[in-house]
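Participant: The structure's right below; bear with me while I get my questions together.
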Amino acid sequence: MNMGFPGRLLLPDWHPLGRRLAACAGAGKTRIPILLTWLWASMTGFPMADSGIPELTQLRLVNGPSRCAGRVEVLHNQQWGTVCDDSWDLTEARVVCRQLGCGMALSAPRGSRFGQGTDRIWLDEVNCTGTEAALSECRARPWGEHNCNHVEDAGVECSDSVIPDPGPLQLVNGPNRCAGRVEVLHNHQWGTVCDDGWDITDAGVVCRELGCGTALSAPGGAHFGRGSDTIWLDDVNCTGTEAALTDCRARPWENNNCHHGEDAGVVCSDSGISEVAQLRLVNGPSRCAGRVEVLHSQQWGTVCDDSWDLTEARVVCRQLGCGMALSAPRGSRFGQGTDRIWLDEVNCTGTEAALSECRARPWGEHNCNHVEDAGVECSDSVIPDPGLLQLVNGPNRCAGRVEVLHNHQWGTVCDDGWDITDAGVVCRELGCGTALSAPGGAHFGRGSDTIWLDDVNCTGTEAALTECRSRPWGNNNCHHGEDAGVVCSDSALPHLAEVRLLNSPSRCAGRIEVLHNQQWGTVCDDGWNITDAGVVCRQLGCGTVLSAPGGARFGQGTGPIWLDEVNCTGTEAAISECRAKPWGKHNCHHGEDAGVVCSDSGISEVTQIRLVNGPSRCAGRVEVLHNQQWGTVCDDNWDIIDARIVCRQLGCGMPLSAPGGARFGRGSDRIWLDDVQCKGTEIGLSECRARPWGDNNCHHGEDAGVVCTDSGISEVTQVRLVNGSSRCAGRVEVFHNKKWGTVCDDGWDLQDAGVVCRQLGCGTVISAPTGAHFGQGSEHIWLDNVNCTGTEAALSQCRARPWGDSNCTHEEEAGAVCSDSNISEHTSLRLVNGPSHCAGRVEVLHNQQWGTVCDDSWDLAAARVVCRQLGCGTALSAPSGARFGRGSDPIWLDDVHCTGTEAALTDCRARPWGLNNCHHGEDASVVCSDSAITEQTPIRLVDGSSRCAGRVEVLHNQQWGTVCDDSWDLTEARVVCRQLGCGTAISAPGRAQFGRGSDRIWLDDIHCTGTEAALSQCRARPWGLNNCHHGEDAGVVCSDQGQLRLRLTSGPSPCSGRVEVLINDTWGAVCDAGWGLPEAGVVCKQLGCGTALSAPGVAQFGHGAGDVWLEGVSCSGQESLISECQLSRLGPGLCGRGSEASVVCAGQAGSGLLWSVLLGLGAVMVLICGVLLCWRMRRDRAAGNPLGHVHLEELGAPGTPPPPQGAANPESPEEPDSEMTWLVREDAVL
C-alpha cells in the first residue's frame, strides 16, 4: 500500500532524520515502515539505534539579525540557557548551523558578541568533532557546570543568516561597515543624521537594521568626520523596537537646525572594535579640552599621566570628534578628580579608535594620585588666549578690579587667598610695574559677570595669572562682594603707599613701616588699634589681624616717623588711605612704634584655644592650652560677650550662643579658667579678666561652650526620642518655647532622621518611621514639612514650616531609629537598577541574600510602604513586568498584600519566603517621589468642576499653556489623573470641552504608555511645536471629583425635582441615560432627603436653563456622594433638552414623614377593602342575592338562616354589574 507520503513529509531537509528518510525515497514501499517506525519512536520516546541521536536538545540563536545568527541558547530542564565560549570555534558552530538547517558556519564569535544572556549557563568547554547531528551530542562538561559568566556567551553566524541588505542606510568613514557616520538615502541622495537627541537606543536600531549586532556607542559631534551632503534627519527618537531607522520618530526630511559638525555616528558590536569605553573631558573651557575621564563599571574615573603624551591625546580627540590634539597636559592641569583612577601607563600607537583600545595597566591598577590626572586640549576646544587680562573700574589700566577672559566672557577673581604675590603677577603680565597692594572686598566695585577664578595661589614667578594654581574655571564659593583688585606701581596712585612689617621671623608680623618720598619710616602707636592693623594685614595679603601691639613691640625704628594718629574705618585698601596727621607730622618717638601680627604670620600671639566635641571647629566645648596642656573653662559668669571673643579669636564670625552645663560633653583634663569676664574688645580669651590659671570651684558638669555663626548652626534646638526602647529610637520631640512638642511626618524621610541621629550622637539612621509608629504625643506639633539636606548639625537647622504651623494630627508623628538603638531593623530593602536609590527593582534581604519580589498583586499600596520605609517620599508608580530589568537571585516574596500603613514591606501579608509561581520577568518595581525621575512639569486642570476635571494646562518656561487633543485618549488622561492624585481617568474630552485656552499651546501629539509618573515623561513634539488651535484643547475628567454640589428644582418640595449640579459657578442638569433608583438614592442621601421613591427622566420636572453637565452616571447605591459614582463624561452639551434626570425622595426624616407613611398605608387598605367588597357583591348577585345584601353567616354571624334556594333577584343583573365595573376601574385608577 502506498499512501503517497513524500520522503520529507515529517521532517524538513535540514533535519538529519529528514535527510536520511529522503535518501530512502527510492526504496519504494520501504519508506512507509520507516516512517511508521519513526512515528512510534517519537511517540514512545524509544531511541532509534541507527539515528545516533540520544536526545535532540532544542537549540536557538537569539539577539541576532535572523534566526541563523545570534547568541547560542539550548533548552534543558525546560529552561533556556547559554553556552560558554571556552574552546568555542568553527567546529562547534558547524554543528549548530547544521542542526538548525542554516547552511555553513561563517564565524563562531565569542565574548557575548550578540549580547549577554540573563538565564543559566548550561554548557561549557563544548568539544565537537564536526560530525554530530546536534550540539548536545558533543562532548562538554555536565549540564550547568562551568567557570564562566555571561560576558563569555558563545555565538554563531551561519551562511543562511540572511543578514539584511542595508538598503537606504550605511555607516561610512569608519573601520568597516558596522561603524561610522550614519547616512540615509532619500530622494536618490545620501545624507547625514544630526546628533540632536541621538543616543544608544537610536544606534541600536541602526545596528539591527544593518545586521551588525548590538550598539556599543552612539558618538555625535562628527566623530567619524563631517559629511558634505544634505542633513536628512534631526531629532531622531527611537523606542528601540523599530525595524528601520526611518520607522523612528523624527523631524520631517531635511528639516533641521544643525551643521555637519553635529553628524551622528554609530559603533556596533560587529565592527571589530573592542568595547569602546565612554570618554569625556571635564573641567575645561569646552567639551574638547579638560581632564580625561573614562566610564568603567558604570563609574567615571581619571587617567594617570604616566607616559601620557600627544599620541594618546590624538586618540582622545579623534574619539570625541574634537579635531587634532594640541597638547597633552599633565599634573592635573584641569583640576584633580575625586573618583577612581581607572587607567595608568596608557600606551597608544595613535591608530586606535578609542582610548580603551590602547595598551594600559588593568582597569583600576595604578601607582598614582589625582595630582597626576591627565588632560587633553583638542583643536576644536576654542580655548581663549590665556593672556587676556584687564583691571577695570580704577583710575587707569594699572589699577582696578581684576577680570579675566574665559569662554569669550569676562569674569572676576575671588579674593579668597588673594595677596600681594598674586597681584605682582597681574602687574607684571600687564606691564604695570610692581604690585603696591592687593585689595579685596570689591574695593573697585562689584562685577556682574561670572566669577572665573577662586583660591588663586601664585608663586610669583608665573608669566600670566592663568598659570597660577587655582580652582577650576567657574568653581568658587564667592559672591561679587569678594572681587579681587590690584594696584600696580605704574598706576600713578601715590597715596597707596607701600607697606612692610619688619623685625620678626615672618613678613606678616612686625614693626610697620611705610614708604614715602622713597624713604621707609615708622607709624606712631597713638590711636593704633585692631582696625588699623587689619588694613595692613589685608594690604599685605596676610590674612586677618591677630593683634596691634604698640610700644615698639618689634623694636624701634631708625628712620622718619611718617604717620601718627592713624584712624582707619577698616574698609581701606591701604594704610595710606586711612585718616591721619599729615606725612611726617607727629609728637612721638620710636619707643612708640606700632606693630602688627597677622593670622598668616604663624605667630601664636594669644593663648591657643579650640572648640571640641561639636559639629564643626566653630562650635563646641571651649578648651585653652596652658603649660602645654589643654583644659576647659568653667561656665561661672560665662556669657555671650565671652563667647564673642572666642569666635573672633578663632575666625568663626559672631557668637550665636554661650551654652554652659557641659552642653558639648564633659571634659576630662584640667579646668584652667573660671569667672571669665571679657569686655568684648580683647583679641584673645586669655586677655580677659579671670581667676588665676587652674584656680576654680567647678566640676566638668559646668564646662562652657560656644556656638559661632560660621559653625553652620543657626540655633541648636534640643531634640529627644521618646517612647522607644532606648534614647536612640522613638518619637521625635523638639524643645521650643520651653515646651516639648512633636514633629509631623509630612515629607519625613531618612535624611531628616539621619540629622536627629547625628545630633543625639546615636550613630547613623536605620529607619524613619511615620504614622505615630512610637505612639501619639499629646503636646504641641512644633514642626511640619521638615526638609533636611542631611548635612545639618541639628534638626532645627533644616528647612520647615514656621514653629507650630502644621496641618497634622498626632497620628502623623515622625520617629527615628538610629544604629546605636540596638533595635534589629526590619528586613533590609533596596531599589536597584534605577536612576537613584528611590526608584528601581524591589529587592529584599533574606537569609543574607538579596532577592526580588514578584509583581502578582503588586500595587500602589505596596509601593507606598516601600517608599516610606526607604524615606523616599510618596509612591508615584508601582511598575511590574521587570520594568527595571530582571533580577538574577531568588524571588523571595509573592502575592504581597499591603494595606499601605505598614512600617516595612515585610509587615505586609505575602506567601512564605521563597514560595512563588513567578519568574524574573515579573519582578516588581517602585518609583518614589524623591527618585528625581524626569522633572515633573507642573500640571493643572482648569475650568472644570474641581481640580480633578477640566482643561489640561502645563507650566513651561514659567508660562501656563494648553495641550492639543491630537492623539489624546484615556491613556494620556490616566497619567494626568495619577500625577494630580485624582484617581483614575473617566474620560479624555477634546475639542475644548472645557473652554478654549488663551495662552501658548505647549504640547501636541502626546503618546503615553500609561506607566509614566508625569505627563512630561510621555513622548510628544518639542515644546511649543504644534499644528493646532485652541478649539482642540484637551481635557480630562478624573474619578476623584470631590463633592459636587447638588440641588433639586422645579419640584413640589426641596426633596423632589430636577437634579442639577453646580459646575463653574453654573447650575446644570444631569442626563437621564442610565438614570435609575440607585443613582436617585445617592442624590437623596447626599441631600439628606431620605430614600428615593422614584427616578423619573425625560424632563419630568421641566427643562433647565443651563447645560446638561453629567452623562452616564452609574452608582451602586452604596455611595454617599454623587461624585463617588462612575461618570462616563462630564461637560456641557452632552444630552439634548428633554433628557434631564429627576428624583422624588421620601423627604426629611421626622413626624411629617411618619404621618405621610401612615396615611399612605391607610389609603392602600381602604382601596383593598373596597375591591374585595365589590368582588363579593358581584358574586352574590350572580348567586341570586339582591344588591347590597350580604349573608351574615358568610360574615361569620351565628344563627343566620341560609337563603332560600332559587330566590330570584328582583333587579336586572346588567345595571349593578356595569356600575360595579366602573367603581372597580375607578379604584384601580386611584
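In the C-alpha cells, the first chain shown is A, the next is B, and so on; residue numbers restart at 1 for each chain, and ligands run from 1 in the order shown.
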Residues at most 10 Å from Arg401 of chain A, counting only C-alpha atoms, excluding those fewer than 2 positions away in the same chain, as an NGL selection string?
Facilitator: :A and (390-394 or 397-399 or 403 or 412-413 or 438-440 or 442-447 or 483-487)
Participant: If we count only C-alpha atoms and set the cut-off at 12 Å, which residues sit around Gly197 of chain A, ignoring sequence neighbours fewer than 5 positions away in its own chain? Please answer as a VMD selection string.
Facilitator: chain A and resid 202 to 203 218 to 221 233 to 238 249 to 251 258 262 to 264 1022
Participant: Within 8 Å of Gly620 of chain A, counting only C-alpha atoms, which residues qualify if same-chain residues fewer than 2 places away don't, as a ChimeraX atom specification?
Facilitator: /A:611-618,622,664,705-707
Participant: Fewer than 4 positions away in the same chain doesn't count, so skip those; otherwise give me all residues within 9 Å of Val596 of chain A, counting only C-alpha atoms, as a PyMOL selection string.
Facilitator: chain A and resi 501+508-512+530+533-534+536-537+545-550+554
Participant: Which residues, written as a PyMOL selection string, have at least one atom at most 12 Å from Cys708 of chain A, with only C-alpha atoms counted and residues fewer than 4 positions away on the same chain left out?
Facilitator: chain A and resi 611+614-622+640+642-659+712-716
Participant: So that I can check the secondary structure, give me every residue of segment 868-919 of chain A assigned helix (DSSP H, G or I) by backbone DSSP, as a CSV table (one decimal) with N, CA and C atoms, in the first residue's frame.
Facilitator:
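Result file follows (out-v6.csv):
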chain,number,residue,atom,x,y,z
A,868,ARG,N,8.0,54.7,51.9
A,868,ARG,CA,8.0,55.2,53.3
A,868,ARG,C,9.2,54.6,54.0
A,869,GLN,N,9.3,53.2,53.9
A,869,GLN,CA,10.4,52.5,54.6
A,869,GLN,C,11.8,53.0,54.2
A,870,LEU,N,11.9,53.4,52.9
A,870,LEU,CA,13.2,53.9,52.5
A,870,LEU,C,13.4,55.4,52.7
A,905,LEU,N,7.9,46.5,54.3
A,905,LEU,CA,7.3,45.6,53.4
A,905,LEU,C,7.1,44.3,54.0
A,906,THR,N,8.0,43.9,54.8
A,906,THR,CA,7.9,42.5,55.4
A,906,THR,C,6.7,42.4,56.4
A,907,ASP,N,6.1,43.6,56.8
A,907,ASP,CA,5.0,43.6,57.6
A,907,ASP,C,3.7,43.2,56.8
Participant: Go through A:Asp639, A:Glu254, A:Glu92, A:Glu592 and flag the residue nearest Ala133 of chain A, using only C-alpha atoms for the distances.
Facilitator: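 Nearest to Ala133 of chain A: A:Glu92.
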Participant: With only C-alpha atoms as the basis for distance, which of A:Leu860, A:Ala794, A:Val425, A:Val743 is at the shortest distance from Glu813 of chain A?
Facilitator: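 The shortest atom-to-atom distance to Glu813 of chain A comes from A:Val743.
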Participant: Skip Asn697 of chain A itself and residues of its chain fewer than 4 positions away, then list as a list in words all residues within 10 Å of it, counting only C-alpha atoms.
Facilitator: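 Selected residues are Cys634, Asp636, Ile671, Asp674 and Asp675 of chain A.
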Participant: Which parts of segment 513-607 of chain A does DSSP call strand (DSSP E or B) when run on the backbone here, written out as an MDAnalysis selection string?
Facilitator: chainID A and resid 513:516 519:524 545:547 561:563 567 579 593 595:598
Participant: Could you write out the selected residues, including N, CA, C and O atoms, as a compact mmCIF listing (two decimals), in the first residue's frame?
Facilitator:
# COMPACT_ATOMS: atom_id res chain seq x y z
N GLU A 513 56.17 99.65 58.66
CA GLU A 513 56.89 100.75 58.00
C GLU A 513 56.23 101.04 56.66
O GLU A 513 55.77 100.11 55.97
N VAL A 514 56.17 102.32 56.32
CA VAL A 514 55.57 102.75 55.05
C VAL A 514 56.61 103.51 54.24
O VAL A 514 57.54 104.11 54.81
N LEU A 515 56.44 103.45 52.90
CA LEU A 515 57.38 104.11 52.01
C LEU A 515 56.80 105.44 51.55
O LEU A 515 55.71 105.49 50.96
N HIS A 516 57.56 106.53 51.85
CA HIS A 516 57.11 107.85 51.43
C HIS A 516 58.32 108.65 50.98
O HIS A 516 59.36 108.62 51.65
N GLN A 519 61.51 106.84 50.95
CA GLN A 519 62.19 106.51 52.20
C GLN A 519 61.23 105.79 53.14
O GLN A 519 60.08 106.19 53.28
N TRP A 520 61.70 104.72 53.76
CA TRP A 520 60.87 103.97 54.69
C TRP A 520 60.86 104.67 56.04
O TRP A 520 61.86 105.20 56.50
N GLY A 521 59.64 104.62 56.69
CA GLY A 521 59.51 105.22 58.02
C GLY A 521 58.46 104.47 58.83
O GLY A 521 57.69 103.65 58.31
N THR A 522 58.40 104.76 60.15
CA THR A 522 57.51 104.02 61.04
C THR A 522 56.18 104.74 61.23
O THR A 522 55.96 105.84 60.73
N VAL A 523 55.30 104.07 62.02
CA VAL A 523 53.97 104.61 62.35
C VAL A 523 53.89 104.69 63.87
O VAL A 523 54.25 103.75 64.57
N CYS A 524 53.41 105.83 64.36
CA CYS A 524 53.26 106.02 65.80
C CYS A 524 52.04 105.26 66.31
O CYS A 524 51.05 105.11 65.60
N VAL A 545 43.78 90.07 61.17
CA VAL A 545 44.66 90.58 62.22
C VAL A 545 44.49 89.77 63.49
O VAL A 545 43.39 89.36 63.84
N LEU A 546 45.60 89.52 64.16
CA LEU A 546 45.56 88.89 65.47
C LEU A 546 45.72 89.93 66.58
O LEU A 546 45.02 89.89 67.58
N SER A 547 46.64 90.87 66.38
CA SER A 547 46.85 91.90 67.40
C SER A 547 47.52 93.12 66.78
O SER A 547 48.07 93.06 65.67
N ILE A 561 59.40 109.05 61.39
CA ILE A 561 58.07 108.57 61.81
C ILE A 561 57.09 109.23 60.87
O ILE A 561 56.83 110.44 60.97
N TRP A 562 56.61 108.47 59.92
CA TRP A 562 55.81 109.07 58.85
C TRP A 562 54.36 109.36 59.26
O TRP A 562 53.81 110.38 58.87
N LEU A 563 53.74 108.45 60.03
CA LEU A 563 52.31 108.59 60.30
C LEU A 563 52.03 108.58 61.79
O LEU A 563 52.66 107.86 62.56
N ASN A 567 43.66 106.58 61.78
CA ASN A 567 42.27 106.24 62.12
C ASN A 567 41.61 105.61 60.89
O ASN A 567 41.18 106.31 59.97
N ARG A 579 42.62 107.97 57.52
CA ARG A 579 42.82 109.33 58.02
C ARG A 579 44.00 109.35 59.01
O ARG A 579 44.16 108.41 59.80
N ASP A 593 56.69 103.05 68.34
CA ASP A 593 56.44 102.47 67.01
C ASP A 593 55.39 101.38 67.08
O ASP A 593 55.43 100.48 67.94
N GLY A 595 53.10 98.12 65.81
CA GLY A 595 53.35 96.81 65.20
C GLY A 595 52.05 96.13 64.79
O GLY A 595 50.95 96.56 65.13
N VAL A 596 52.20 95.02 64.07
CA VAL A 596 51.05 94.25 63.57
C VAL A 596 51.40 92.77 63.64
O VAL A 596 52.53 92.37 63.32
N VAL A 597 50.43 91.95 64.04
CA VAL A 597 50.54 90.48 63.93
C VAL A 597 49.32 89.98 63.15
O VAL A 597 48.18 90.16 63.58
N CYS A 598 49.59 89.39 61.99
CA CYS A 598 48.51 88.88 61.14
C CYS A 598 48.38 87.37 61.30
O CYS A 598 49.33 86.68 61.75
Participant: Of the candidates A:Asn1026, A:Ser880, A:Gln556, A:Thr874, which one gets nearest to Gln979 of chain A if we count only C-alpha atoms?
Facilitator: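 Looking only at the distances to Gln979 of chain A, the closest residue turns out to be A:Thr874.
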Participant: Find the residues near Thr764 of chain A: any atom within 9 Å, counting only C-alpha atoms, skip ones fewer than 5 places away on the same chain, and give them as a VMD selection string.
Facilitator: chain A and resid 753 to 755 757 to 758 817 to 820
Participant: Could you check the closest approach to Gln628 of chain A for each of A:Trp672, A:Trp528, A:Trp198, A:Trp960 and tell me which residue wins, using only C-alpha atoms?
Facilitator: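 Counting only C-alpha atoms, the residue closest to Gln628 of chain A is A:Trp672.
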Participant: Measuring between only C-alpha atoms, which one of A:Pro175, A:Gly240, A:Gly323, A:Gly261 shows the shortest distance to Ala353 of chain A?
Facilitator: A:Pro175
